[in-house]
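Engineer: Before I ask anything, let me first share the structure, which is written out below as structure tokens.
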Amino acid sequence: MRQQRWEHVTCEAASVDVLSRELGISPIGARLLVQRGFRDVAAAQRFLHPTLTELHDPFALADMSIAVERILRAIRAGERIAIHGDYDADGITSTVLLRRALEILGARVVHYVPDRIKDGYGLAPETIERLSVEKVDVVVSADCGIRSVLAAKCARKAGMDLIVTDHHEPDQELPSALAVINPKRRDCSYPDKNLAGVGVALKLVQALGERSGRKNWLKGFLKIAAIGTLADVVPLVGENRIIAKAGLEELSNGRHAVGLQALLDVVGAKNRTVDSFLVSFGIAPRLNAAGRMATPEIAVQLLLAKGQADEAEALALAQQLDVENIKRRKEESDLFLSARRLVEKTPDIGSHNALVVSGEQWHRGVIGIVASRLVERFNKPTVVLSMDGDVSYGSGRSIPGFDLLSALEKCESVFTQFGGHRQAAGLTMKTARIAEFRSMLTKYANEVLSPDDLVPRLSIDGELPFEQITSQVIKDLKLFEPFGSSNQKPVFTATEVAISDGPYLLKEKHLKMSVKQGGRIFRAVAWRGAGWLKFLKEHRDRVNIAFSLVENHFRGETTTELSIADVQEPR
């Protein structure tokens, strides 16, 4: 049974009392606000009730005015504009968002989303040359391009104006594009650095609306922006929180274009509140499956479908995404087992503080997910490589406290291409240099990570006896939604809990049970908790649990249940 270290988040009691009284919320809700850094009543109020009026001025982004003026000039002149996106959910939604906006403004617009296998990641010179042949005058990148120096030079040589919109980490040299819109630019003073790619695209749409007299049109783009933001697992604070919360409300309440409606129907969201969980584990995986297993164009065309004449095609596309997602899960499961065996049975791989695993013709569409699962299992930074002849393609994921992109920069001599974030990155390299790369990365990780860094941690927001789980607490917790990075679903503890029914295996991976403390009983599920079965049977009369509260909606009834994050033996 994997042991996690429970780390209790401290809290200033005086601020809790003030927030509870001034905001009219429970002490538990007030405590959560303080733990998330909100001690000021006004700031806490803005966090709980974000509005679109709090979005920053889009023209505070470097080069935004240049980009807007060029796009509007291209529209007036009837020039051809191409949106160049990316094949993941963030890139797909960014592409759809920009294309829809430009179409509304009357632009002659086309889009291009690269194929993961055939084209690889990013804005390539070959693509620029192809768009030039197709008489494109302006190229707008979406969720890519910040490190595409060669492509930018190619565009300039071809007489095309390139506008980069991206959110990935820039290199020392920015591409020589007409405009580079990225809040992470070192010379950009924009106050929110954490936007997703679709968030940056939304800022361009916001700016275009302001310059073209359409200040109120932003609301129509929030659904797609929320999906991309949640899918990209960016911090759900600041503008990301505003976009996600407002977009989820629109997804739950509004009428939808036929493509989006077909997607919602396939994931079982009909007549349901669309929350961050449904997007992250229902919608996003299906959009990503298009780029992982087939072509991202399936997802793009689905989200662009809007007229009733497209209804049958939209349903077929949504069902195709569902099929591709099933294929993705099977491929992911098989590859994960192979990679896990390599880690567990090969000392040269598994004995270090970072993992580098590789396999012949591993499906490049799922290596990133497999890297995430290996991090989850071993709590070590991980890079998974698919060897395809002389060239290998890798995807990496990291643990808190280890900057993966910075680590890769120390190994850049072995790569032909790489980029990403602190916690996730992609790379291309010669297969013959994998052993050299493994040696370089593991040497660095062994130096900077201690054994203590590799102990998985579970952040605990406080103790919550069952008797304190009230309707007011449930109501307060809803105000914190949507949950995600930097605003995780609260985790509480309850001590000396008894298991009154179960535990029972659920689909061979999970556990379901009923738990009792004092006179109250709750149903509970431990997702991926099958490894706790023996322990819970042995300690069924007395166990400490870490849990989150969830609402279960079934046949018109709503009940509060527990999602168990960890279990421990009482001391």
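Convention: chains lettered A, B, ... in structure tokens order; per-chain residue numbering from 1; ligands numbered from 1 as shown.
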For segment 521-534 of chain A, find every residue with an atom within 10 Å (counting only C-alpha atoms), except residues of its own chain fewer than 4 positions away, and show them as an MDAnalysis selection string.

Structural biologist: chainID A and resid 1:2 466:467 497:517 538:540 547:550 559:568

Engineer: Please report the interatomic distance between atom CA of Pro296 of chain A and atom CA of Lys203 of chain A in Å with one decimal.

Structural biologist: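 Atom CA of Lys203 of chain A lies 23.4 Å from atom CA of Pro296 of chain A.
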
Engineer: Which of these residues is nearest to Asn182 of chain A, using only C-alpha atoms: A:Gly145, A:Gly220, A:Pro27, A:Gly213?

Structural biologist: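 Answer, going by the shortest atom-to-atom distance: A:Gly145.
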
Engineer: So the first atom is atom CA of Gln35 of chain A and the second is atom CA of Pro490 of chain A; what is the distance between them in Å, to one decimal place?

Structural biologist: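 So the two atoms, atom CA of Gln35 of chain A and atom CA of Pro490 of chain A, lie 10.4 Å apart.
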
Engineer: Give me, as a ChimeraX atom specification, all polymer residues having an atom no more than 9 Å from Thr416 of chain A, counting only C-alpha atoms and skipping those fewer than 3 positions away in the same chain.

Structural biologist: /A:412-413,427-430

Engineer: Please produce a file of the residues just selected, as an mmCIF file, in the first residue's frame, where the atoms kept are C-alpha atoms.

Structural biologist:
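Result file follows (result_37.cif):
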data_model
loop_
_atom_site.group_PDB
_atom_site.id
_atom_site.type_symbol
_atom_site.label_atom_id
_atom_site.label_comp_id
_atom_site.auth_asym_id
_atom_site.auth_seq_id
_atom_site.Cartn_x
_atom_site.Cartn_y
_atom_site.Cartn_z
ATOM 1 C CA GLU A 412 19.695 20.354 -24.711
ATOM 2 C CA SER A 413 22.824 19.216 -26.566
ATOM 3 C CA LEU A 427 11.240 16.530 -27.071
ATOM 4 C CA THR A 428 12.748 14.941 -30.177
ATOM 5 C CA MET A 429 16.187 13.311 -30.315
ATOM 6 C CA LYS A 430 18.359 10.752 -32.054
#

Engineer: I'd like the contact shell of Leu454 of chain A - 12 Å cut-off, only C-alpha atoms, skipping same-chain residues fewer than 6 positions apart - returned as a compact mmCIF listing (two decimals) with N, CA and C atoms, in the first residue's frame.

Structural biologist:
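In the end it all went to out39.txt:
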# COMPACT_ATOMS: atom_id res chain seq x y z
N GLN A 3 2.16 4.77 0.73
CA GLN A 3 1.96 5.69 1.83
C GLN A 3 2.21 7.12 1.37
N GLN A 4 1.29 8.01 1.71
CA GLN A 4 1.48 9.42 1.44
C GLN A 4 1.70 10.15 2.76
N ARG A 5 2.45 11.20 2.69
CA ARG A 5 2.65 12.02 3.88
C ARG A 5 1.54 13.06 3.94
N HIS A 352 17.09 5.58 -9.99
CA HIS A 352 17.45 7.00 -9.97
C HIS A 352 16.27 7.87 -9.55
N ASN A 353 16.57 9.15 -9.33
CA ASN A 353 15.53 10.10 -8.90
C ASN A 353 14.70 10.64 -10.06
N ALA A 354 15.05 10.28 -11.29
CA ALA A 354 14.25 10.59 -12.46
C ALA A 354 14.20 9.35 -13.34
N VAL A 375 4.58 9.02 -13.05
CA VAL A 375 4.84 10.00 -11.99
C VAL A 375 3.91 9.74 -10.81
N GLU A 376 2.66 9.46 -11.11
CA GLU A 376 1.68 9.17 -10.07
C GLU A 376 2.08 7.95 -9.26
N ARG A 377 2.64 6.95 -9.94
CA ARG A 377 2.98 5.70 -9.25
C ARG A 377 4.30 5.80 -8.48
N PHE A 378 5.32 6.42 -9.09
CA PHE A 378 6.66 6.40 -8.49
C PHE A 378 7.07 7.75 -7.89
N ASN A 379 6.31 8.80 -8.15
CA ASN A 379 6.59 10.13 -7.63
C ASN A 379 8.00 10.59 -8.01
N LYS A 380 8.35 10.39 -9.28
CA LYS A 380 9.62 10.84 -9.82
C LYS A 380 9.38 11.53 -11.16
N PRO A 381 10.19 12.55 -11.49
CA PRO A 381 10.09 13.13 -12.84
C PRO A 381 10.31 12.02 -13.87
N SER A 398 6.44 15.97 -14.51
CA SER A 398 7.30 16.16 -13.34
C SER A 398 6.51 16.13 -12.04
N ILE A 399 7.24 16.29 -10.95
CA ILE A 399 6.67 16.37 -9.61
C ILE A 399 6.81 17.81 -9.13
N PRO A 400 6.01 18.24 -8.13
CA PRO A 400 6.18 19.59 -7.59
C PRO A 400 7.61 19.78 -7.09
N GLY A 401 8.17 20.92 -7.37
CA GLY A 401 9.51 21.20 -6.88
C GLY A 401 10.63 20.82 -7.84
N PHE A 402 10.29 20.22 -8.99
CA PHE A 402 11.31 19.88 -9.98
C PHE A 402 10.92 20.51 -11.30
N ALA A 445 19.00 15.02 -11.62
CA ALA A 445 17.93 14.77 -10.65
C ALA A 445 18.48 14.19 -9.35
N ASN A 446 19.48 13.32 -9.44
CA ASN A 446 20.08 12.74 -8.24
C ASN A 446 20.76 13.80 -7.39
N VAL A 448 19.86 17.19 -7.30
CA VAL A 448 18.98 18.25 -6.78
C VAL A 448 17.79 17.73 -5.98

Engineer: So that I can check the secondary structure, give me every residue of segment 137-357 of chain A assigned helix (DSSP H, G or I) by backbone DSSP, as a PyMOL selection string.

Structural biologist: chain A and resi 149-157+197-211+217-231+238-253+258-266+276-293+297-304+308-345+347-350

Engineer: Keeping only C-alpha atoms, write the selected residues to a file as a short mmCIF file (atom, residue, chain, number, x, y, z; two decimals), in the first residue's frame.

Structural biologist:
data_model
loop_
_atom_site.label_atom_id
_atom_site.label_comp_id
_atom_site.auth_asym_id
_atom_site.auth_seq_id
_atom_site.Cartn_x
_atom_site.Cartn_y
_atom_site.Cartn_z
CA VAL A 149 12.33 30.76 -34.86
CA LEU A 150 12.94 29.03 -38.22
CA ALA A 151 9.25 29.12 -39.16
CA ALA A 152 9.11 32.85 -38.39
CA LYS A 153 12.10 33.48 -40.64
CA CYS A 154 10.44 31.42 -43.37
CA ALA A 155 7.24 33.49 -43.06
CA ARG A 156 9.17 36.74 -43.30
CA LYS A 157 11.04 35.50 -46.37
CA GLY A 197 -3.26 28.88 -24.94
CA VAL A 198 -7.00 29.33 -25.39
CA GLY A 199 -6.88 32.08 -22.76
CA VAL A 200 -4.36 34.01 -24.85
CA ALA A 201 -6.56 33.45 -27.91
CA LEU A 202 -9.54 34.77 -25.92
CA LYS A 203 -7.59 37.93 -25.07
CA LEU A 204 -7.01 38.48 -28.80
CA VAL A 205 -10.75 38.01 -29.39
CA GLN A 206 -11.49 40.44 -26.55
CA ALA A 207 -9.17 43.01 -28.12
CA LEU A 208 -10.65 42.50 -31.60
CA GLY A 209 -14.11 43.01 -30.13
CA GLU A 210 -13.14 46.26 -28.45
CA ARG A 211 -11.56 47.67 -31.61
CA TRP A 217 -19.42 39.49 -27.74
CA LEU A 218 -16.94 37.83 -25.35
CA LYS A 219 -19.66 35.84 -23.58
CA GLY A 220 -20.25 33.81 -26.74
CA PHE A 221 -16.71 32.41 -26.66
CA LEU A 222 -16.53 31.43 -22.99
CA LYS A 223 -17.77 27.83 -23.36
CA ILE A 224 -14.95 26.85 -25.69
CA ALA A 225 -12.42 28.87 -23.68
CA ALA A 226 -13.45 27.14 -20.45
CA ILE A 227 -13.04 23.69 -22.00
CA GLY A 228 -9.53 24.48 -23.25
CA THR A 229 -8.52 26.13 -19.98
CA LEU A 230 -9.63 23.20 -17.85
CA ALA A 231 -8.16 20.67 -20.28
CA GLY A 238 -6.97 34.93 -11.68
CA GLU A 239 -8.29 35.14 -15.24
CA ASN A 240 -8.28 31.37 -15.65
CA ARG A 241 -10.77 31.08 -12.80
CA ILE A 242 -12.98 33.79 -14.31
CA ILE A 243 -12.93 32.09 -17.72
CA ALA A 244 -13.53 28.61 -16.34
CA LYS A 245 -16.31 29.57 -13.93
CA ALA A 246 -18.20 31.77 -16.40
CA GLY A 247 -17.74 29.21 -19.19
CA LEU A 248 -19.02 26.34 -17.08
CA GLU A 249 -22.12 28.36 -16.22
CA GLU A 250 -22.74 28.90 -19.94
CA LEU A 251 -22.18 25.20 -20.63
CA SER A 252 -24.67 24.26 -17.92
CA ASN A 253 -27.38 26.78 -18.74
CA VAL A 258 -25.06 21.31 -32.64
CA GLY A 259 -21.41 20.21 -32.47
CA LEU A 260 -20.94 21.13 -28.84
CA GLN A 261 -24.34 19.66 -27.97
CA ALA A 262 -23.41 16.36 -29.64
CA LEU A 263 -20.20 16.23 -27.60
CA LEU A 264 -22.07 16.96 -24.37
CA ASP A 265 -24.60 14.24 -25.19
CA VAL A 266 -21.87 11.65 -25.83
CA SER A 276 -14.72 20.86 -14.01
CA PHE A 277 -14.73 17.11 -13.36
CA LEU A 278 -16.96 16.45 -16.37
CA VAL A 279 -14.76 18.61 -18.60
CA SER A 280 -11.47 17.17 -17.33
CA PHE A 281 -12.50 13.51 -17.39
CA GLY A 282 -15.24 13.48 -20.02
CA ILE A 283 -14.90 16.20 -22.63
CA ALA A 284 -11.14 16.87 -22.66
CA PRO A 285 -10.04 13.22 -23.07
CA ARG A 286 -12.30 12.85 -26.10
CA LEU A 287 -10.97 16.02 -27.73
CA ASN A 288 -7.42 14.91 -26.99
CA ALA A 289 -8.16 11.43 -28.34
CA ALA A 290 -8.65 12.90 -31.79
CA GLY A 291 -5.08 14.18 -31.91
CA ARG A 292 -3.65 11.17 -30.10
CA MET A 293 -5.26 8.36 -32.06
CA GLU A 297 -9.54 17.70 -37.45
CA ILE A 298 -12.34 15.45 -36.14
CA ALA A 299 -12.55 17.54 -32.97
CA VAL A 300 -12.13 20.86 -34.81
CA GLN A 301 -14.94 20.09 -37.25
CA LEU A 302 -17.17 18.92 -34.42
CA LEU A 303 -16.76 22.15 -32.44
CA LEU A 304 -17.21 24.26 -35.58
CA GLN A 308 -29.13 22.20 -37.85
CA ALA A 309 -28.01 20.89 -41.23
CA ASP A 310 -24.80 19.74 -39.51
CA GLU A 311 -26.62 17.80 -36.76
CA ALA A 312 -26.22 14.29 -38.23
CA GLU A 313 -22.57 14.90 -39.07
CA ALA A 314 -21.92 16.32 -35.60
CA LEU A 315 -23.39 13.25 -33.94
CA ALA A 316 -21.22 11.00 -36.11
CA LEU A 317 -18.11 13.01 -35.25
CA ALA A 318 -18.91 12.94 -31.51
CA GLN A 319 -19.40 9.18 -31.64
CA GLN A 320 -16.12 8.84 -33.51
CA LEU A 321 -14.36 10.76 -30.74
CA ASP A 322 -15.90 8.33 -28.25
CA VAL A 323 -14.52 5.36 -30.19
CA GLU A 324 -11.07 6.95 -30.44
CA ASN A 325 -11.09 7.57 -26.68
CA ILE A 326 -11.81 3.90 -26.01
CA LYS A 327 -8.89 2.98 -28.27
CA ARG A 328 -6.73 5.50 -26.42
CA ARG A 329 -7.53 3.95 -23.04
CA LYS A 330 -6.58 0.47 -24.27
CA GLU A 331 -3.32 1.69 -25.82
CA GLU A 332 -2.49 3.67 -22.69
CA SER A 333 -3.12 0.72 -20.38
CA ASP A 334 -0.93 -1.65 -22.39
CA LEU A 335 1.91 0.84 -22.72
CA PHE A 336 1.79 1.75 -19.03
CA LEU A 337 2.21 -1.88 -18.03
CA SER A 338 5.24 -2.22 -20.31
CA ALA A 339 6.82 0.98 -19.01
CA ARG A 340 6.14 0.07 -15.38
CA ARG A 341 7.84 -3.30 -15.81
CA LEU A 342 10.91 -1.58 -17.22
CA VAL A 343 11.10 0.70 -14.19
CA GLU A 344 10.57 -2.11 -11.69
CA LYS A 345 12.86 -4.68 -13.31
CA PRO A 347 17.91 -1.12 -11.92
CA ASP A 348 19.65 1.31 -14.30
CA ILE A 349 16.24 2.89 -14.90
CA GLY A 350 14.34 2.57 -11.65
#

Engineer: Applying 10 Å and only C-alpha atoms, which residues near segment 388-394 of chain A remain after dropping the ones on its own chain fewer than 4 positions away? List them as a ChimeraX atom specification.

Structural biologist: /A:117,120,356-364,367-368,371,383-384,415-418,425-434

Engineer: I need the chosen residues saved as a tab-separated table (two decimals), in the first residue's frame, with N, CA and C atoms.

Structural biologist:
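See out_19.tsv below for the written result:
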chain	number	residue	atom	x	y	z
A	117	ILE	N	1.63	12.70	-35.51
A	117	ILE	CA	2.61	11.74	-36.01
A	117	ILE	C	3.30	12.26	-37.27
A	120	GLY	N	4.37	16.43	-36.31
A	120	GLY	CA	5.04	16.77	-35.07
A	120	GLY	C	4.49	18.04	-34.46
A	356	VAL	N	13.69	7.60	-17.14
A	356	VAL	CA	13.67	7.73	-18.60
A	356	VAL	C	13.45	6.33	-19.16
A	357	VAL	N	12.27	6.11	-19.73
A	357	VAL	CA	11.94	4.80	-20.29
A	357	VAL	C	11.64	4.94	-21.77
A	358	SER	N	11.96	3.91	-22.53
A	358	SER	CA	11.76	3.98	-23.98
A	358	SER	C	11.36	2.62	-24.52
A	359	GLY	N	10.67	2.63	-25.64
A	359	GLY	CA	10.24	1.40	-26.28
A	359	GLY	C	10.07	1.59	-27.77
A	360	GLU	N	10.26	0.51	-28.52
A	360	GLU	CA	10.11	0.55	-29.97
A	360	GLU	C	8.66	0.79	-30.38
A	361	GLN	N	8.44	1.82	-31.17
A	361	GLN	CA	7.14	2.12	-31.76
A	361	GLN	C	6.02	2.28	-30.72
A	362	TRP	N	6.38	2.71	-29.51
A	362	TRP	CA	5.32	3.04	-28.55
A	362	TRP	C	4.46	4.15	-29.14
A	363	HIS	N	3.16	4.04	-28.94
A	363	HIS	CA	2.24	4.99	-29.56
A	363	HIS	C	2.51	6.40	-29.05
A	364	ARG	N	2.89	7.28	-29.96
A	364	ARG	CA	3.27	8.64	-29.56
A	364	ARG	C	2.08	9.43	-29.02
A	367	ILE	N	2.11	8.59	-24.95
A	367	ILE	CA	3.29	8.57	-24.08
A	367	ILE	C	3.22	9.66	-23.01
A	368	GLY	N	2.56	10.78	-23.29
A	368	GLY	CA	2.42	11.82	-22.27
A	368	GLY	C	1.55	11.37	-21.11
A	371	ALA	N	3.50	8.90	-19.07
A	371	ALA	CA	4.46	9.60	-18.21
A	371	ALA	C	3.77	10.12	-16.95
A	383	VAL	N	10.33	10.81	-18.17
A	383	VAL	CA	10.26	11.04	-19.61
A	383	VAL	C	10.05	9.69	-20.29
A	384	VAL	N	9.03	9.61	-21.12
A	384	VAL	CA	8.72	8.40	-21.88
A	384	VAL	C	9.03	8.67	-23.34
A	415	PHE	N	19.20	17.02	-27.88
A	415	PHE	CA	17.89	17.13	-28.52
A	415	PHE	C	18.00	17.79	-29.90
A	416	THR	N	17.08	17.44	-30.77
A	416	THR	CA	16.91	18.19	-32.01
A	416	THR	C	15.81	19.23	-31.83
A	417	GLN	N	14.93	19.00	-30.85
A	417	GLN	CA	13.85	19.95	-30.55
A	417	GLN	C	13.31	19.62	-29.17
A	418	PHE	N	12.94	20.67	-28.41
A	418	PHE	CA	12.28	20.45	-27.11
A	418	PHE	C	11.60	21.74	-26.68
A	425	ALA	N	6.71	18.59	-20.69
A	425	ALA	CA	7.54	18.99	-21.82
A	425	ALA	C	7.54	17.90	-22.88
A	426	GLY	N	7.92	18.29	-24.09
A	426	GLY	CA	8.06	17.35	-25.19
A	426	GLY	C	9.42	17.51	-25.83
A	427	LEU	N	9.91	16.46	-26.49
A	427	LEU	CA	11.24	16.53	-27.07
A	427	LEU	C	11.38	15.55	-28.23
A	428	THR	N	12.38	15.83	-29.09
A	428	THR	CA	12.75	14.94	-30.18
A	428	THR	C	14.27	14.78	-30.13
A	429	MET	N	14.75	13.56	-30.39
A	429	MET	CA	16.19	13.31	-30.32
A	429	MET	C	16.57	12.10	-31.15
A	430	LYS	N	17.86	11.95	-31.39
A	430	LYS	CA	18.36	10.75	-32.05
A	430	LYS	C	18.28	9.57	-31.09
A	431	THR	N	17.78	8.46	-31.60
A	431	THR	CA	17.63	7.26	-30.75
A	431	THR	C	18.96	6.85	-30.13
A	432	ALA	N	20.04	7.01	-30.86
A	432	ALA	CA	21.36	6.59	-30.38
A	432	ALA	C	21.81	7.36	-29.14
A	433	ARG	N	21.14	8.47	-28.82
A	433	ARG	CA	21.58	9.30	-27.70
A	433	ARG	C	20.69	9.14	-26.46
A	434	ILE	N	19.79	8.17	-26.47
A	434	ILE	CA	18.89	7.98	-25.32
A	434	ILE	C	19.67	7.67	-24.06

Engineer: List the neighbours of Thr95 of chain A out to 9 Å using only C-alpha atoms; skip same-chain residues closer than 3 positions along the sequence, and give me the result as a list in words.

Structural biologist: Ile83, His84, Gly85, Asp86, Asp90, Gly91, Ile92, Leu98, Arg99, Arg100, His111, Tyr112, Val113, Ser141, Ala142, Asp143, Val198, Ala201 and Val300 of chain A

Engineer: Please dump the current selection as a PDB file, in the first residue's frame; keep N, CA, C and O atoms.

Structural biologist:
ATOM      1  N   ILE A  83      -5.361  30.233 -39.423  1.00  0.00           N
ATOM      2  CA  ILE A  83      -5.138  29.935 -38.000  1.00  0.00           C
ATOM      3  C   ILE A  83      -4.350  28.640 -37.929  1.00  0.00           C
ATOM      4  O   ILE A  83      -4.794  27.605 -38.450  1.00  0.00           O
ATOM      5  N   HIS A  84      -3.189  28.662 -37.298  1.00  0.00           N
ATOM      6  CA  HIS A  84      -2.375  27.446 -37.132  1.00  0.00           C
ATOM      7  C   HIS A  84      -2.458  27.019 -35.674  1.00  0.00           C
ATOM      8  O   HIS A  84      -1.950  27.706 -34.782  1.00  0.00           O
ATOM      9  N   GLY A  85      -3.124  25.893 -35.403  1.00  0.00           N
ATOM     10  CA  GLY A  85      -3.341  25.451 -34.032  1.00  0.00           C
ATOM     11  C   GLY A  85      -2.413  24.343 -33.597  1.00  0.00           C
ATOM     12  O   GLY A  85      -1.336  24.127 -34.158  1.00  0.00           O
ATOM     13  N   ASP A  86      -2.852  23.617 -32.592  1.00  0.00           N
ATOM     14  CA  ASP A  86      -2.104  22.484 -32.053  1.00  0.00           C
ATOM     15  C   ASP A  86      -3.081  21.336 -31.876  1.00  0.00           C
ATOM     16  O   ASP A  86      -4.296  21.535 -31.841  1.00  0.00           O
ATOM     17  N   ASP A  90      -6.289  22.099 -25.783  1.00  0.00           N
ATOM     18  CA  ASP A  90      -6.043  23.535 -25.681  1.00  0.00           C
ATOM     19  C   ASP A  90      -5.860  24.132 -27.073  1.00  0.00           C
ATOM     20  O   ASP A  90      -6.447  25.172 -27.413  1.00  0.00           O
ATOM     21  N   GLY A  91      -5.050  23.469 -27.903  1.00  0.00           N
ATOM     22  CA  GLY A  91      -4.819  23.964 -29.252  1.00  0.00           C
ATOM     23  C   GLY A  91      -6.045  23.884 -30.135  1.00  0.00           C
ATOM     24  O   GLY A  91      -6.303  24.779 -30.960  1.00  0.00           O
ATOM     25  N   ILE A  92      -6.818  22.831 -29.977  1.00  0.00           N
ATOM     26  CA  ILE A  92      -8.047  22.658 -30.765  1.00  0.00           C
ATOM     27  C   ILE A  92      -9.056  23.746 -30.419  1.00  0.00           C
ATOM     28  O   ILE A  92      -9.633  24.388 -31.303  1.00  0.00           O
ATOM     29  N   LEU A  98     -10.605  31.227 -32.413  1.00  0.00           N
ATOM     30  CA  LEU A  98     -10.128  32.275 -33.313  1.00  0.00           C
ATOM     31  C   LEU A  98     -10.830  32.221 -34.669  1.00  0.00           C
ATOM     32  O   LEU A  98     -11.170  33.258 -35.243  1.00  0.00           O
ATOM     33  N   ARG A  99     -11.055  31.019 -35.168  1.00  0.00           N
ATOM     34  CA  ARG A  99     -11.716  30.918 -36.466  1.00  0.00           C
ATOM     35  C   ARG A  99     -13.135  31.487 -36.389  1.00  0.00           C
ATOM     36  O   ARG A  99     -13.568  32.223 -37.278  1.00  0.00           O
ATOM     37  N   ARG A 100     -13.865  31.124 -35.339  1.00  0.00           N
ATOM     38  CA  ARG A 100     -15.233  31.638 -35.194  1.00  0.00           C
ATOM     39  C   ARG A 100     -15.252  33.162 -35.110  1.00  0.00           C
ATOM     40  O   ARG A 100     -16.080  33.830 -35.729  1.00  0.00           O
ATOM     41  N   HIS A 111      -8.049  27.212 -41.477  1.00  0.00           N
ATOM     42  CA  HIS A 111      -7.273  26.770 -40.328  1.00  0.00           C
ATOM     43  C   HIS A 111      -6.432  25.553 -40.687  1.00  0.00           C
ATOM     44  O   HIS A 111      -6.740  24.829 -41.644  1.00  0.00           O
ATOM     45  N   TYR A 112      -5.394  25.349 -39.912  1.00  0.00           N
ATOM     46  CA  TYR A 112      -4.538  24.178 -40.080  1.00  0.00           C
ATOM     47  C   TYR A 112      -4.103  23.706 -38.697  1.00  0.00           C
ATOM     48  O   TYR A 112      -3.579  24.492 -37.900  1.00  0.00           O
ATOM     49  N   VAL A 113      -4.353  22.422 -38.412  1.00  0.00           N
ATOM     50  CA  VAL A 113      -3.894  21.826 -37.164  1.00  0.00           C
ATOM     51  C   VAL A 113      -2.985  20.649 -37.525  1.00  0.00           C
ATOM     52  O   VAL A 113      -3.423  19.734 -38.231  1.00  0.00           O
ATOM     53  N   SER A 141      -0.834  31.955 -35.112  1.00  0.00           N
ATOM     54  CA  SER A 141      -0.643  30.691 -34.398  1.00  0.00           C
ATOM     55  C   SER A 141      -1.514  30.668 -33.158  1.00  0.00           C
ATOM     56  O   SER A 141      -1.825  31.717 -32.577  1.00  0.00           O
ATOM     57  N   ALA A 142      -1.909  29.484 -32.750  1.00  0.00           N
ATOM     58  CA  ALA A 142      -2.755  29.312 -31.561  1.00  0.00           C
ATOM     59  C   ALA A 142      -2.167  28.207 -30.699  1.00  0.00           C
ATOM     60  O   ALA A 142      -2.073  27.062 -31.144  1.00  0.00           O
ATOM     61  N   ASP A 143      -1.717  28.545 -29.495  1.00  0.00           N
ATOM     62  CA  ASP A 143      -1.155  27.572 -28.555  1.00  0.00           C
ATOM     63  C   ASP A 143       0.160  26.982 -29.069  1.00  0.00           C
ATOM     64  O   ASP A 143       0.508  25.871 -28.734  1.00  0.00           O
ATOM     65  N   VAL A 198      -5.679  28.815 -25.012  1.00  0.00           N
ATOM     66  CA  VAL A 198      -6.999  29.327 -25.392  1.00  0.00           C
ATOM     67  C   VAL A 198      -7.314  30.626 -24.650  1.00  0.00           C
ATOM     68  O   VAL A 198      -8.068  31.461 -25.144  1.00  0.00           O
ATOM     69  N   ALA A 201      -5.701  33.256 -26.736  1.00  0.00           N
ATOM     70  CA  ALA A 201      -6.563  33.447 -27.907  1.00  0.00           C
ATOM     71  C   ALA A 201      -7.792  34.268 -27.548  1.00  0.00           C
ATOM     72  O   ALA A 201      -8.228  35.145 -28.320  1.00  0.00           O
ATOM     73  N   VAL A 300     -11.949  19.494 -34.316  1.00  0.00           N
ATOM     74  CA  VAL A 300     -12.129  20.859 -34.808  1.00  0.00           C
ATOM     75  C   VAL A 300     -13.451  20.984 -35.559  1.00  0.00           C
ATOM     76  O   VAL A 300     -14.245  21.896 -35.315  1.00  0.00           O
TER      77      VAL A 300
END

Engineer: Name the residues in contact with Asp17 of chain A at a cut-off of 8 Å, using only C-alpha atoms, excluding same-chain residues fewer than 3 positions from it; report them as a list in words.

Structural biologist: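 Once the adjacent positions are removed, what remains is Ala13, Ala14, Ser20, Arg21, Pro27 and Ala30 of chain A.
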
Engineer: Print the selection's residues with all heavy atoms to a file, as a short mmCIF file (atom, residue, chain, number, x, y, z; two decimals), in the first residue's frame.

Structural biologist:
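Result went into part16.cif, see below:
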data_model
loop_
_atom_site.label_atom_id
_atom_site.label_comp_id
_atom_site.auth_asym_id
_atom_site.auth_seq_id
_atom_site.Cartn_x
_atom_site.Cartn_y
_atom_site.Cartn_z
N ALA A 13 -6.34 31.87 12.68
CA ALA A 13 -7.71 31.80 13.20
C ALA A 13 -8.43 33.15 13.17
O ALA A 13 -9.63 33.22 12.88
CB ALA A 13 -7.68 31.27 14.63
N ALA A 14 -7.70 34.24 13.44
CA ALA A 14 -8.35 35.55 13.49
C ALA A 14 -8.95 35.93 12.14
O ALA A 14 -10.07 36.46 12.07
CB ALA A 14 -7.33 36.61 13.93
N SER A 20 -15.61 34.70 7.98
CA SER A 20 -16.86 33.99 8.24
C SER A 20 -17.98 34.97 8.57
O SER A 20 -19.10 34.85 8.05
CB SER A 20 -16.67 33.00 9.40
OG SER A 20 -17.88 32.33 9.68
N ARG A 21 -17.66 35.96 9.37
CA ARG A 21 -18.67 36.94 9.80
C ARG A 21 -19.04 37.87 8.64
O ARG A 21 -20.23 38.10 8.37
CB ARG A 21 -18.14 37.74 10.98
CG ARG A 21 -19.12 38.77 11.52
CD ARG A 21 -18.57 39.50 12.74
NE ARG A 21 -17.38 40.28 12.44
CZ ARG A 21 -16.14 39.93 12.79
NH1 ARG A 21 -15.92 38.82 13.48
NH2 ARG A 21 -15.11 40.69 12.48
N PRO A 27 -17.34 28.68 9.16
CA PRO A 27 -15.91 28.74 9.51
C PRO A 27 -15.07 27.81 8.64
O PRO A 27 -13.91 28.13 8.35
CB PRO A 27 -15.90 28.29 10.98
CG PRO A 27 -17.26 28.66 11.50
CD PRO A 27 -18.19 28.44 10.34
N ALA A 30 -14.53 29.71 5.44
CA ALA A 30 -13.62 30.82 5.70
C ALA A 30 -12.19 30.32 5.87
O ALA A 30 -11.24 30.95 5.40
CB ALA A 30 -14.07 31.58 6.94
#
